[in-house]
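The next block holds one structure in the form of structure tokens; read it before the comments.
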Amino acid sequence: MAQGVITKIGREKLCKAHAGDSNLPPITQMGFGNGGVEADGTVIPTTGDEITLRNELLRKDIHSHSYPETTSCRYSTRLDKLDLANQNISEMGLFDSNGDLVAYKTFLPKGKDDDMEFVFDMDEIF
């Protein structure tokens with residue numbers, strides 16, 4: 001089962017921004033890695049304490065965002081044909097403009113062939 005969470009640093013930034021003590025930096029990038037599963041293929045549960053992907057392979061700028069509900073934002077990024085060609089992807093994260101991981105998700109490996117483009121969406125739900 002896929003696991004996703006707003007990280008502790010993401011929650012801290014939201015808390016301080018709501019109090020008026022800091023500005024909330026925008027989410028600008030999505031990272032992809034292959035460290036989201038154990039050797040036996042079991043999805044590693046998220047804790048919210050993550051500050052990096054377990055094994056980041058690539059980070060891309062957010063292509064677009066939308067609001068599927070009034071309390072969620074969907075961030076989208078496209079992997080072009082050569083991005084992560086012939087790799088398995090099992091973790092992803094959202095990074096803000098300060099480079100901090102603010103949301104993290106693990107899932108069963110998704111294989112990416114070298115002649116395919118993938119679009120990844122990640123929802124930040126409040």
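By order of appearance in the structure tokens: chains A, B, ..., then residues from 1 within every chain, and ligands from 1 in the order shown.
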
Within 10 Å of A:Asp61 using only C-alpha atoms, minus same-chain residues under 2 positions, as a tab-separated table (two decimals) with N, CA and C atoms, in the first residue's frame:
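File written: part.tsv
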```
chain	number	residue	atom	x	y	z
A	27	ILE	N	6.06	25.32	-3.15
A	27	ILE	CA	6.56	24.03	-3.61
A	27	ILE	C	6.96	24.20	-5.07
A	28	THR	N	8.20	23.84	-5.39
A	28	THR	CA	8.72	24.11	-6.73
A	28	THR	C	9.25	22.88	-7.45
A	29	GLN	N	9.53	21.79	-6.72
A	29	GLN	CA	10.12	20.61	-7.36
A	29	GLN	C	9.53	19.33	-6.81
A	30	MET	N	9.64	18.28	-7.65
A	30	MET	CA	9.26	16.93	-7.25
A	30	MET	C	10.49	16.04	-7.45
A	31	GLY	N	10.80	15.26	-6.44
A	31	GLY	CA	11.94	14.35	-6.52
A	31	GLY	C	11.48	12.91	-6.64
A	59	ARG	N	15.44	15.11	-9.61
A	59	ARG	CA	14.53	16.14	-9.13
A	59	ARG	C	14.15	17.02	-10.32
A	63	HIS	N	5.60	20.98	-13.07
A	63	HIS	CA	5.09	21.36	-14.39
A	63	HIS	C	3.81	22.19	-14.25
A	64	SER	N	2.92	21.77	-13.35
A	64	SER	CA	1.66	22.48	-13.14
A	64	SER	C	1.08	22.10	-11.79
A	76	SER	N	1.96	18.43	-10.43
A	76	SER	CA	2.23	17.50	-11.53
A	76	SER	C	3.59	17.78	-12.14
A	77	THR	N	4.27	16.70	-12.49
A	77	THR	CA	5.57	16.77	-13.15
A	77	THR	C	5.65	15.66	-14.18
A	78	ARG	N	6.27	15.97	-15.29
A	78	ARG	CA	6.43	14.99	-16.36
A	78	ARG	C	7.87	14.48	-16.39
A	94	LEU	N	7.84	16.19	-2.53
A	94	LEU	CA	7.69	17.57	-2.92
A	94	LEU	C	8.70	18.41	-2.16
A	95	PHE	N	9.39	19.28	-2.87
A	95	PHE	CA	10.41	20.15	-2.28
A	95	PHE	C	10.00	21.59	-2.46
```

Give the strand (DSSP E or B) residues of chain A, as assigned by DSSP on the backbone, as a short mmCIF file (atom, residue, chain, number, x, y, z; two decimals) with all heavy atoms, in the first residue's frame.
```cif
data_model
loop_
_atom_site.label_atom_id
_atom_site.label_comp_id
_atom_site.auth_asym_id
_atom_site.auth_seq_id
_atom_site.Cartn_x
_atom_site.Cartn_y
_atom_site.Cartn_z
N GLN A 3 2.19 4.89 0.82
CA GLN A 3 2.21 5.67 2.05
C GLN A 3 2.65 7.09 1.72
O GLN A 3 3.64 7.28 1.05
CB GLN A 3 3.22 5.08 3.04
CG GLN A 3 2.99 3.63 3.39
CD GLN A 3 1.90 3.47 4.40
OE1 GLN A 3 1.76 4.27 5.30
NE2 GLN A 3 1.11 2.44 4.23
N GLY A 4 1.92 8.10 2.19
CA GLY A 4 2.29 9.49 1.96
C GLY A 4 2.04 10.34 3.19
O GLY A 4 1.14 10.05 3.97
N VAL A 5 2.84 11.40 3.34
CA VAL A 5 2.72 12.23 4.53
C VAL A 5 3.33 13.61 4.27
O VAL A 5 4.27 13.74 3.47
CB VAL A 5 3.42 11.54 5.73
CG1 VAL A 5 4.92 11.46 5.52
CG2 VAL A 5 3.11 12.22 7.03
N ILE A 6 2.75 14.63 4.90
CA ILE A 6 3.43 15.92 4.96
C ILE A 6 4.50 15.77 6.04
O ILE A 6 4.21 15.32 7.16
CB ILE A 6 2.45 17.06 5.29
CG1 ILE A 6 1.43 17.22 4.17
CG2 ILE A 6 3.21 18.37 5.50
CD1 ILE A 6 0.36 18.26 4.43
N ILE A 27 6.06 25.32 -3.15
CA ILE A 27 6.56 24.03 -3.61
C ILE A 27 6.96 24.20 -5.07
O ILE A 27 6.17 24.67 -5.88
CB ILE A 27 5.50 22.93 -3.42
CG1 ILE A 27 5.31 22.69 -1.92
CG2 ILE A 27 5.89 21.65 -4.15
CD1 ILE A 27 4.20 21.74 -1.57
N THR A 28 8.20 23.84 -5.39
CA THR A 28 8.72 24.11 -6.73
C THR A 28 9.25 22.88 -7.45
O THR A 28 9.43 22.92 -8.66
CB THR A 28 9.86 25.13 -6.66
OG1 THR A 28 10.88 24.65 -5.77
CG2 THR A 28 9.36 26.49 -6.16
N GLN A 29 9.53 21.79 -6.72
CA GLN A 29 10.12 20.61 -7.36
C GLN A 29 9.53 19.33 -6.81
O GLN A 29 9.04 19.27 -5.68
CB GLN A 29 11.64 20.59 -7.17
CG GLN A 29 12.35 21.72 -7.87
CD GLN A 29 13.84 21.58 -7.77
OE1 GLN A 29 14.38 21.35 -6.70
NE2 GLN A 29 14.51 21.72 -8.90
N MET A 30 9.64 18.28 -7.65
CA MET A 30 9.26 16.93 -7.25
C MET A 30 10.49 16.04 -7.45
O MET A 30 11.14 16.11 -8.49
CB MET A 30 8.09 16.43 -8.11
CG MET A 30 7.48 15.12 -7.65
SD MET A 30 6.07 14.60 -8.70
CE MET A 30 4.86 15.88 -8.38
N GLY A 31 10.80 15.26 -6.44
CA GLY A 31 11.94 14.35 -6.52
C GLY A 31 11.48 12.91 -6.64
O GLY A 31 10.39 12.55 -6.15
N PHE A 32 12.31 12.10 -7.29
CA PHE A 32 11.99 10.70 -7.53
C PHE A 32 13.16 9.83 -7.10
O PHE A 32 14.32 10.19 -7.31
CB PHE A 32 11.72 10.46 -9.03
CG PHE A 32 10.62 11.30 -9.56
CD1 PHE A 32 10.88 12.54 -10.12
CD2 PHE A 32 9.31 10.87 -9.48
CE1 PHE A 32 9.86 13.33 -10.60
CE2 PHE A 32 8.28 11.66 -9.95
CZ PHE A 32 8.55 12.89 -10.52
N GLY A 33 12.85 8.67 -6.53
CA GLY A 33 13.90 7.76 -6.11
C GLY A 33 13.45 6.32 -6.16
O GLY A 33 12.30 6.01 -6.49
N VAL A 37 11.04 0.87 -1.09
CA VAL A 37 10.67 -0.50 -0.75
C VAL A 37 11.85 -1.24 -0.12
O VAL A 37 13.01 -0.91 -0.37
CB VAL A 37 10.17 -1.29 -1.99
CG1 VAL A 37 8.86 -0.71 -2.50
CG2 VAL A 37 11.20 -1.31 -3.08
N VAL A 43 6.60 -2.15 0.75
CA VAL A 43 6.66 -0.69 0.79
C VAL A 43 7.05 -0.24 2.20
O VAL A 43 6.50 -0.71 3.19
CB VAL A 43 5.31 -0.08 0.38
CG1 VAL A 43 5.33 1.44 0.52
CG2 VAL A 43 4.95 -0.47 -1.04
N GLU A 56 17.44 9.28 -3.77
CA GLU A 56 16.97 10.18 -4.81
C GLU A 56 17.75 9.96 -6.11
O GLU A 56 18.97 9.90 -6.11
CB GLU A 56 17.12 11.63 -4.36
CG GLU A 56 16.54 12.61 -5.34
CD GLU A 56 16.54 14.04 -4.82
OE1 GLU A 56 16.43 14.25 -3.60
OE2 GLU A 56 16.66 14.95 -5.66
N LEU A 57 17.00 9.87 -7.21
CA LEU A 57 17.59 9.68 -8.53
C LEU A 57 17.48 10.93 -9.40
O LEU A 57 18.33 11.17 -10.25
CB LEU A 57 16.90 8.52 -9.25
CG LEU A 57 16.96 7.15 -8.56
CD1 LEU A 57 16.08 6.15 -9.29
CD2 LEU A 57 18.40 6.67 -8.50
N LEU A 58 16.41 11.71 -9.19
CA LEU A 58 16.16 12.85 -10.06
C LEU A 58 15.22 13.82 -9.37
O LEU A 58 14.30 13.40 -8.65
CB LEU A 58 15.52 12.39 -11.38
CG LEU A 58 15.14 13.46 -12.40
CD1 LEU A 58 16.40 14.10 -13.00
CD2 LEU A 58 14.29 12.84 -13.51
N ARG A 59 15.44 15.11 -9.61
CA ARG A 59 14.53 16.14 -9.13
C ARG A 59 14.15 17.02 -10.32
O ARG A 59 15.02 17.42 -11.09
CB ARG A 59 15.21 16.98 -8.05
CG ARG A 59 14.26 17.75 -7.18
CD ARG A 59 14.96 18.51 -6.10
NE ARG A 59 15.57 17.65 -5.09
CZ ARG A 59 16.05 18.08 -3.94
NH1 ARG A 59 16.00 19.37 -3.65
NH2 ARG A 59 16.60 17.23 -3.09
N LYS A 60 12.86 17.27 -10.49
CA LYS A 60 12.36 18.07 -11.61
C LYS A 60 11.47 19.19 -11.11
O LYS A 60 10.82 19.06 -10.07
CB LYS A 60 11.53 17.19 -12.57
CG LYS A 60 12.29 16.05 -13.16
CD LYS A 60 12.44 15.95 -14.62
CE LYS A 60 11.72 16.79 -15.56
NZ LYS A 60 11.86 16.44 -16.94
N ASP A 61 11.44 20.29 -11.86
CA ASP A 61 10.55 21.38 -11.53
C ASP A 61 9.10 20.94 -11.70
O ASP A 61 8.78 20.11 -12.56
CB ASP A 61 10.80 22.59 -12.44
CG ASP A 61 12.13 23.28 -12.14
OD1 ASP A 61 12.68 23.07 -11.04
OD2 ASP A 61 12.60 24.03 -13.02
N SER A 64 2.92 21.77 -13.35
CA SER A 64 1.66 22.48 -13.14
C SER A 64 1.08 22.10 -11.79
O SER A 64 1.55 21.16 -11.14
CB SER A 64 0.66 22.16 -14.25
OG SER A 64 0.31 20.80 -14.22
N HIS A 65 0.06 22.84 -11.38
CA HIS A 65 -0.68 22.48 -10.18
C HIS A 65 -2.15 22.81 -10.40
O HIS A 65 -2.50 23.62 -11.26
CB HIS A 65 -0.12 23.16 -8.93
CG HIS A 65 -0.33 24.64 -8.89
ND1 HIS A 65 0.53 25.53 -9.48
CD2 HIS A 65 -1.32 25.38 -8.35
CE1 HIS A 65 0.10 26.75 -9.30
NE2 HIS A 65 -1.03 26.71 -8.62
N SER A 66 -2.99 22.15 -9.63
CA SER A 66 -4.44 22.37 -9.71
C SER A 66 -5.04 22.12 -8.33
O SER A 66 -4.35 21.65 -7.42
CB SER A 66 -5.07 21.44 -10.75
OG SER A 66 -4.88 20.09 -10.39
N TYR A 67 -6.32 22.44 -8.21
CA TYR A 67 -7.03 22.27 -6.94
C TYR A 67 -8.22 21.34 -7.16
O TYR A 67 -9.33 21.80 -7.44
CB TYR A 67 -7.49 23.63 -6.40
CG TYR A 67 -6.34 24.58 -6.18
CD1 TYR A 67 -6.00 25.53 -7.13
CD2 TYR A 67 -5.58 24.50 -5.02
CE1 TYR A 67 -4.94 26.39 -6.94
CE2 TYR A 67 -4.51 25.36 -4.81
CZ TYR A 67 -4.20 26.30 -5.78
OH TYR A 67 -3.14 27.15 -5.59
N PRO A 68 -8.01 20.02 -7.01
CA PRO A 68 -9.14 19.09 -7.21
C PRO A 68 -10.22 19.25 -6.15
O PRO A 68 -11.38 18.90 -6.38
CB PRO A 68 -8.49 17.71 -7.14
CG PRO A 68 -7.17 17.92 -6.47
CD PRO A 68 -6.77 19.34 -6.71
N GLU A 69 -9.85 19.77 -4.99
CA GLU A 69 -10.78 20.09 -3.91
C GLU A 69 -10.28 21.39 -3.28
O GLU A 69 -9.12 21.75 -3.45
CB GLU A 69 -10.80 18.98 -2.86
CG GLU A 69 -11.04 17.62 -3.47
CD GLU A 69 -11.99 16.77 -2.67
OE1 GLU A 69 -12.51 17.24 -1.66
OE2 GLU A 69 -12.19 15.64 -3.09
N SER A 72 -7.07 20.81 -1.10
CA SER A 72 -5.93 20.04 -1.59
C SER A 72 -5.37 20.69 -2.85
O SER A 72 -6.08 21.34 -3.61
CB SER A 72 -6.33 18.59 -1.87
OG SER A 72 -7.23 18.51 -2.96
N CYS A 73 -4.07 20.51 -3.03
CA CYS A 73 -3.39 21.00 -4.22
C CYS A 73 -2.68 19.82 -4.87
O CYS A 73 -1.98 19.06 -4.19
CB CYS A 73 -2.39 22.09 -3.88
SG CYS A 73 -1.63 22.84 -5.33
N ARG A 74 -2.89 19.66 -6.17
CA ARG A 74 -2.27 18.57 -6.92
C ARG A 74 -1.11 19.15 -7.73
O ARG A 74 -1.29 20.02 -8.57
CB ARG A 74 -3.27 17.91 -7.84
CG ARG A 74 -2.66 16.84 -8.73
CD ARG A 74 -3.73 16.00 -9.42
NE ARG A 74 -4.45 15.29 -8.36
CZ ARG A 74 -5.71 14.87 -8.47
NH1 ARG A 74 -6.40 15.10 -9.58
NH2 ARG A 74 -6.28 14.23 -7.48
N TYR A 75 0.10 18.65 -7.46
CA TYR A 75 1.30 19.05 -8.17
C TYR A 75 1.61 17.99 -9.22
O TYR A 75 1.56 16.80 -8.93
CB TYR A 75 2.47 19.20 -7.21
CG TYR A 75 2.22 20.27 -6.16
CD1 TYR A 75 1.64 19.94 -4.94
CD2 TYR A 75 2.53 21.59 -6.42
CE1 TYR A 75 1.39 20.92 -4.00
CE2 TYR A 75 2.28 22.58 -5.47
CZ TYR A 75 1.71 22.23 -4.26
OH TYR A 75 1.45 23.20 -3.34
N SER A 76 1.96 18.43 -10.43
CA SER A 76 2.23 17.50 -11.53
C SER A 76 3.59 17.78 -12.14
O SER A 76 4.00 18.94 -12.28
CB SER A 76 1.17 17.65 -12.63
OG SER A 76 -0.10 17.34 -12.13
N THR A 77 4.27 16.70 -12.49
CA THR A 77 5.57 16.77 -13.15
C THR A 77 5.65 15.66 -14.18
O THR A 77 5.17 14.56 -13.96
CB THR A 77 6.71 16.61 -12.12
OG1 THR A 77 6.63 17.68 -11.19
CG2 THR A 77 8.07 16.65 -12.78
N ARG A 78 6.27 15.97 -15.29
CA ARG A 78 6.43 14.99 -16.36
C ARG A 78 7.87 14.48 -16.39
O ARG A 78 8.82 15.24 -16.30
CB ARG A 78 6.12 15.63 -17.71
CG ARG A 78 6.30 14.66 -18.86
CD ARG A 78 6.34 15.31 -20.24
NE ARG A 78 5.58 16.51 -20.40
CZ ARG A 78 4.32 16.58 -20.88
NH1 ARG A 78 3.70 15.49 -21.24
NH2 ARG A 78 3.71 17.73 -20.99
N LEU A 79 8.00 13.16 -16.50
CA LEU A 79 9.29 12.54 -16.79
C LEU A 79 9.35 12.28 -18.28
O LEU A 79 8.50 11.57 -18.82
CB LEU A 79 9.47 11.24 -16.01
CG LEU A 79 9.52 11.34 -14.49
CD1 LEU A 79 9.77 9.97 -13.87
CD2 LEU A 79 10.58 12.32 -14.04
N GLN A 87 14.59 2.57 -15.16
CA GLN A 87 14.70 2.60 -13.70
C GLN A 87 13.36 2.21 -13.08
O GLN A 87 12.31 2.35 -13.72
CB GLN A 87 15.06 4.01 -13.22
CG GLN A 87 16.39 4.53 -13.68
CD GLN A 87 17.54 4.00 -12.86
OE1 GLN A 87 17.38 3.60 -11.70
NE2 GLN A 87 18.72 3.98 -13.46
N ASN A 88 13.41 1.77 -11.83
CA ASN A 88 12.21 1.56 -11.03
C ASN A 88 12.09 2.72 -10.06
O ASN A 88 13.06 3.06 -9.37
CB ASN A 88 12.28 0.24 -10.26
CG ASN A 88 12.06 -0.94 -11.16
OD1 ASN A 88 11.21 -0.92 -12.05
ND2 ASN A 88 12.84 -1.99 -10.97
N ILE A 89 10.92 3.30 -9.98
CA ILE A 89 10.66 4.44 -9.10
C ILE A 89 9.73 3.97 -8.00
O ILE A 89 8.66 3.40 -8.28
CB ILE A 89 10.00 5.59 -9.89
CG1 ILE A 89 10.89 5.99 -11.08
CG2 ILE A 89 9.73 6.79 -8.98
CD1 ILE A 89 10.17 6.79 -12.14
N SER A 90 10.11 4.19 -6.73
CA SER A 90 9.27 3.73 -5.62
C SER A 90 9.12 4.77 -4.50
O SER A 90 8.58 4.46 -3.43
CB SER A 90 9.84 2.43 -5.03
OG SER A 90 11.14 2.64 -4.54
N GLU A 91 9.61 5.97 -4.74
CA GLU A 91 9.43 7.04 -3.76
C GLU A 91 9.44 8.37 -4.50
O GLU A 91 10.05 8.50 -5.56
CB GLU A 91 10.52 7.02 -2.69
CG GLU A 91 11.92 7.21 -3.23
CD GLU A 91 13.00 7.22 -2.16
OE1 GLU A 91 12.71 7.50 -0.99
OE2 GLU A 91 14.16 6.95 -2.52
N MET A 92 8.72 9.34 -3.94
CA MET A 92 8.70 10.67 -4.50
C MET A 92 8.45 11.67 -3.40
O MET A 92 7.93 11.32 -2.33
CB MET A 92 7.64 10.80 -5.60
CG MET A 92 6.24 10.52 -5.17
SD MET A 92 5.07 10.30 -6.52
CE MET A 92 4.81 11.95 -7.06
N GLY A 93 8.83 12.90 -3.65
CA GLY A 93 8.64 13.93 -2.65
C GLY A 93 8.45 15.28 -3.28
O GLY A 93 8.86 15.52 -4.43
N LEU A 94 7.84 16.19 -2.53
CA LEU A 94 7.69 17.57 -2.92
C LEU A 94 8.70 18.41 -2.16
O LEU A 94 8.83 18.26 -0.93
CB LEU A 94 6.27 18.07 -2.62
CG LEU A 94 5.14 17.39 -3.38
CD1 LEU A 94 3.79 17.90 -2.89
CD2 LEU A 94 5.29 17.59 -4.89
N PHE A 95 9.39 19.28 -2.87
CA PHE A 95 10.41 20.15 -2.28
C PHE A 95 10.00 21.59 -2.46
O PHE A 95 9.50 21.99 -3.52
CB PHE A 95 11.76 19.92 -2.96
CG PHE A 95 12.35 18.57 -2.70
CD1 PHE A 95 12.02 17.49 -3.48
CD2 PHE A 95 13.23 18.38 -1.64
CE1 PHE A 95 12.56 16.23 -3.25
CE2 PHE A 95 13.78 17.13 -1.39
CZ PHE A 95 13.43 16.05 -2.19
N ASP A 96 10.21 22.40 -1.42
CA ASP A 96 9.90 23.82 -1.53
C ASP A 96 11.09 24.58 -2.11
O ASP A 96 12.14 24.00 -2.39
CB ASP A 96 9.42 24.39 -0.19
CG ASP A 96 10.48 24.44 0.91
OD1 ASP A 96 11.69 24.36 0.62
OD2 ASP A 96 10.08 24.57 2.08
N LEU A 101 12.32 19.03 1.89
CA LEU A 101 11.31 18.02 1.59
C LEU A 101 10.10 18.27 2.48
O LEU A 101 10.19 18.17 3.71
CB LEU A 101 11.88 16.62 1.86
CG LEU A 101 10.94 15.44 1.62
CD1 LEU A 101 10.62 15.29 0.13
CD2 LEU A 101 11.58 14.15 2.15
N VAL A 102 8.96 18.62 1.87
CA VAL A 102 7.78 18.96 2.67
C VAL A 102 6.67 17.92 2.57
O VAL A 102 5.73 17.94 3.37
CB VAL A 102 7.24 20.37 2.32
CG1 VAL A 102 8.27 21.43 2.68
CG2 VAL A 102 6.86 20.47 0.86
N ALA A 103 6.76 17.01 1.60
CA ALA A 103 5.81 15.90 1.50
C ALA A 103 6.56 14.72 0.90
O ALA A 103 7.45 14.89 0.06
CB ALA A 103 4.62 16.27 0.63
N TYR A 104 6.21 13.52 1.35
CA TYR A 104 6.96 12.33 0.95
C TYR A 104 6.00 11.16 0.80
O TYR A 104 5.07 11.01 1.58
CB TYR A 104 8.01 12.01 2.01
CG TYR A 104 8.83 10.79 1.72
CD1 TYR A 104 9.73 10.76 0.67
CD2 TYR A 104 8.71 9.65 2.51
CE1 TYR A 104 10.49 9.63 0.40
CE2 TYR A 104 9.47 8.52 2.25
CZ TYR A 104 10.36 8.52 1.20
OH TYR A 104 11.12 7.40 0.93
N LYS A 105 6.26 10.33 -0.23
CA LYS A 105 5.39 9.18 -0.49
C LYS A 105 6.24 8.00 -0.95
O LYS A 105 7.18 8.17 -1.73
CB LYS A 105 4.37 9.55 -1.57
CG LYS A 105 3.40 8.45 -1.89
CD LYS A 105 2.36 8.94 -2.87
CE LYS A 105 1.35 7.84 -3.09
NZ LYS A 105 -0.01 8.30 -3.09
N THR A 106 5.89 6.81 -0.48
CA THR A 106 6.50 5.57 -0.93
C THR A 106 5.42 4.71 -1.57
O THR A 106 4.24 4.82 -1.23
CB THR A 106 7.16 4.80 0.23
OG1 THR A 106 6.18 4.54 1.25
CG2 THR A 106 8.33 5.57 0.82
N PHE A 107 5.82 3.83 -2.51
CA PHE A 107 4.85 3.02 -3.24
C PHE A 107 5.56 1.86 -3.92
O PHE A 107 6.80 1.82 -3.99
CB PHE A 107 4.09 3.87 -4.27
CG PHE A 107 4.97 4.77 -5.08
CD1 PHE A 107 5.58 4.34 -6.25
CD2 PHE A 107 5.19 6.08 -4.68
CE1 PHE A 107 6.38 5.17 -7.01
CE2 PHE A 107 6.00 6.92 -5.43
CZ PHE A 107 6.59 6.47 -6.59
N LEU A 108 4.79 0.91 -4.41
CA LEU A 108 5.36 -0.22 -5.15
C LEU A 108 6.13 0.31 -6.36
O LEU A 108 5.74 1.31 -6.96
CB LEU A 108 4.26 -1.17 -5.61
CG LEU A 108 3.55 -1.95 -4.51
CD1 LEU A 108 2.35 -2.70 -5.08
CD2 LEU A 108 4.52 -2.91 -3.83
N PRO A 109 7.23 -0.34 -6.73
CA PRO A 109 8.06 0.15 -7.84
C PRO A 109 7.28 0.25 -9.16
O PRO A 109 6.50 -0.62 -9.52
CB PRO A 109 9.15 -0.91 -7.96
CG PRO A 109 9.20 -1.56 -6.63
CD PRO A 109 7.80 -1.53 -6.11
N LYS A 110 7.51 1.37 -9.83
CA LYS A 110 6.96 1.62 -11.16
C LYS A 110 8.13 1.61 -12.13
O LYS A 110 9.03 2.46 -12.05
CB LYS A 110 6.26 2.98 -11.25
CG LYS A 110 5.30 3.30 -10.12
CD LYS A 110 4.10 2.40 -10.11
CE LYS A 110 3.15 2.82 -9.00
NZ LYS A 110 2.85 1.78 -8.06
N GLY A 111 8.17 0.67 -13.06
CA GLY A 111 9.23 0.59 -14.04
C GLY A 111 9.00 1.59 -15.16
O GLY A 111 7.88 1.76 -15.63
N LYS A 112 10.07 2.25 -15.60
CA LYS A 112 9.95 3.24 -16.66
C LYS A 112 10.86 2.85 -17.83
O LYS A 112 12.07 2.84 -17.70
CB LYS A 112 10.30 4.63 -16.18
CG LYS A 112 10.08 5.67 -17.26
CD LYS A 112 10.31 7.05 -16.76
CE LYS A 112 10.21 8.05 -17.88
NZ LYS A 112 11.12 7.79 -18.99
N PHE A 118 6.19 9.68 -18.47
CA PHE A 118 5.29 9.49 -17.33
C PHE A 118 4.89 10.87 -16.81
O PHE A 118 5.70 11.79 -16.82
CB PHE A 118 6.01 8.78 -16.18
CG PHE A 118 6.07 7.29 -16.27
CD1 PHE A 118 5.77 6.60 -17.42
CD2 PHE A 118 6.47 6.55 -15.15
CE1 PHE A 118 5.85 5.20 -17.48
CE2 PHE A 118 6.54 5.18 -15.20
CZ PHE A 118 6.23 4.50 -16.36
N VAL A 119 3.67 10.97 -16.33
CA VAL A 119 3.22 12.15 -15.59
C VAL A 119 2.91 11.70 -14.18
O VAL A 119 2.15 10.74 -13.98
CB VAL A 119 1.99 12.81 -16.24
CG1 VAL A 119 1.47 13.94 -15.38
CG2 VAL A 119 2.32 13.30 -17.64
N PHE A 120 3.54 12.35 -13.21
CA PHE A 120 3.31 12.03 -11.81
C PHE A 120 2.53 13.17 -11.17
O PHE A 120 2.87 14.34 -11.36
CB PHE A 120 4.63 11.84 -11.05
CG PHE A 120 5.24 10.50 -11.25
CD1 PHE A 120 6.09 10.27 -12.32
CD2 PHE A 120 4.98 9.45 -10.38
CE1 PHE A 120 6.68 9.02 -12.52
CE2 PHE A 120 5.55 8.20 -10.56
CZ PHE A 120 6.40 8.00 -11.64
N ASP A 121 1.50 12.82 -10.42
CA ASP A 121 0.74 13.77 -9.62
C ASP A 121 0.96 13.44 -8.15
O ASP A 121 1.04 12.26 -7.78
CB ASP A 121 -0.76 13.66 -9.90
CG ASP A 121 -1.15 14.05 -11.31
OD1 ASP A 121 -0.45 14.90 -11.90
OD2 ASP A 121 -2.16 13.53 -11.80
N MET A 122 1.05 14.47 -7.33
CA MET A 122 1.13 14.26 -5.89
C MET A 122 0.22 15.30 -5.25
O MET A 122 0.36 16.50 -5.52
CB MET A 122 2.56 14.38 -5.38
CG MET A 122 2.71 14.01 -3.93
SD MET A 122 4.45 13.82 -3.52
CE MET A 122 4.32 13.28 -1.84
N ASP A 123 -0.71 14.83 -4.43
CA ASP A 123 -1.66 15.73 -3.77
C ASP A 123 -1.18 16.08 -2.39
O ASP A 123 -0.77 15.21 -1.61
CB ASP A 123 -3.03 15.06 -3.66
CG ASP A 123 -3.71 14.88 -5.00
OD1 ASP A 123 -3.20 15.40 -6.00
OD2 ASP A 123 -4.75 14.21 -5.03
N GLU A 124 -1.25 17.37 -2.07
CA GLU A 124 -1.04 17.86 -0.72
C GLU A 124 -2.42 18.13 -0.17
O GLU A 124 -3.14 19.00 -0.67
CB GLU A 124 -0.18 19.12 -0.74
CG GLU A 124 0.22 19.60 0.62
CD GLU A 124 1.09 20.85 0.55
OE1 GLU A 124 0.88 21.69 -0.33
OE2 GLU A 124 1.98 20.96 1.40
N ILE A 125 -2.84 17.32 0.82
CA ILE A 125 -4.20 17.38 1.32
C ILE A 125 -4.20 17.94 2.74
O ILE A 125 -3.43 17.52 3.60
CB ILE A 125 -4.82 15.96 1.31
CG1 ILE A 125 -4.82 15.41 -0.11
CG2 ILE A 125 -6.24 16.00 1.89
CD1 ILE A 125 -5.19 13.95 -0.22
#
```

*asked:* DSSP on the backbone, helix (DSSP H, G or I) only: what residues of chain A does that give? Format it as a list in words.
replied: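 DSSP on the backbone gives helix (DSSP H, G or I) at Lys8, Ile9, Gly10, Arg11, Glu12, Lys13, Leu14, Cys15, Lys16, Ala17, His18 and Ala19 of chain A.
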
Resulting file, chosen residues, N, CA, C and O atoms, as a compact mmCIF listing (two decimals), in the first residue's frame:
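The new file part12.txt reads:
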```txt
# COMPACT_ATOMS: atom_id res chain seq x y z
N LYS A 8 7.55 16.53 8.85
CA LYS A 8 7.60 17.36 10.05
C LYS A 8 8.03 18.78 9.69
O LYS A 8 7.44 19.75 10.16
N ILE A 9 9.07 18.91 8.85
CA ILE A 9 9.51 20.26 8.47
C ILE A 9 8.42 20.99 7.70
O ILE A 9 8.22 22.19 7.87
N GLY A 10 7.66 20.27 6.88
CA GLY A 10 6.53 20.88 6.17
C GLY A 10 5.47 21.38 7.14
O GLY A 10 4.92 22.47 6.98
N ARG A 11 5.17 20.58 8.17
CA ARG A 11 4.17 20.97 9.17
C ARG A 11 4.67 22.15 10.01
O ARG A 11 3.90 23.05 10.35
N GLU A 12 5.97 22.16 10.33
CA GLU A 12 6.55 23.28 11.08
C GLU A 12 6.43 24.58 10.28
O GLU A 12 6.10 25.63 10.84
N LYS A 13 6.71 24.50 8.99
CA LYS A 13 6.61 25.70 8.15
C LYS A 13 5.17 26.20 8.06
O LYS A 13 4.93 27.41 8.11
N LEU A 14 4.22 25.28 7.93
CA LEU A 14 2.80 25.67 7.92
C LEU A 14 2.41 26.34 9.23
O LEU A 14 1.72 27.37 9.23
N CYS A 15 2.84 25.77 10.33
CA CYS A 15 2.51 26.31 11.66
C CYS A 15 3.02 27.74 11.81
O CYS A 15 2.28 28.64 12.21
N LYS A 16 4.29 27.97 11.47
CA LYS A 16 4.89 29.30 11.62
C LYS A 16 4.27 30.30 10.65
O LYS A 16 4.08 31.47 10.99
N ALA A 17 3.91 29.86 9.45
CA ALA A 17 3.27 30.76 8.49
C ALA A 17 1.88 31.15 8.97
O ALA A 17 1.49 32.32 8.87
N HIS A 18 1.12 30.19 9.51
CA HIS A 18 -0.21 30.50 10.02
C HIS A 18 -0.15 31.48 11.18
O HIS A 18 -1.05 32.31 11.33
N ALA A 19 0.91 31.41 11.98
CA ALA A 19 1.06 32.31 13.12
C ALA A 19 1.57 33.69 12.69
O ALA A 19 1.58 34.62 13.48
```

*For A:Phe126, which of A:Thr71, A:Pro26, A:Asn34, A:Ile62 is the closest residue, counting only C-alpha atoms?*
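Closest to A:Phe126, using only C-alpha atoms: A:Thr71.
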
*Please, what distance in Å, to one decimal, runs between atom CA of A:Asp100 and atom CA of A:Glu117?*
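Atom CA of A:Asp100 sits 26.4 Å away from atom CA of A:Glu117.
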
*What does the distance from atom CA of A:Gly35 to atom CA of A:Glu50 come to in Å, to one decimal?*
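Separation between atom CA of A:Gly35 and atom CA of A:Glu50: 12.2 Å.
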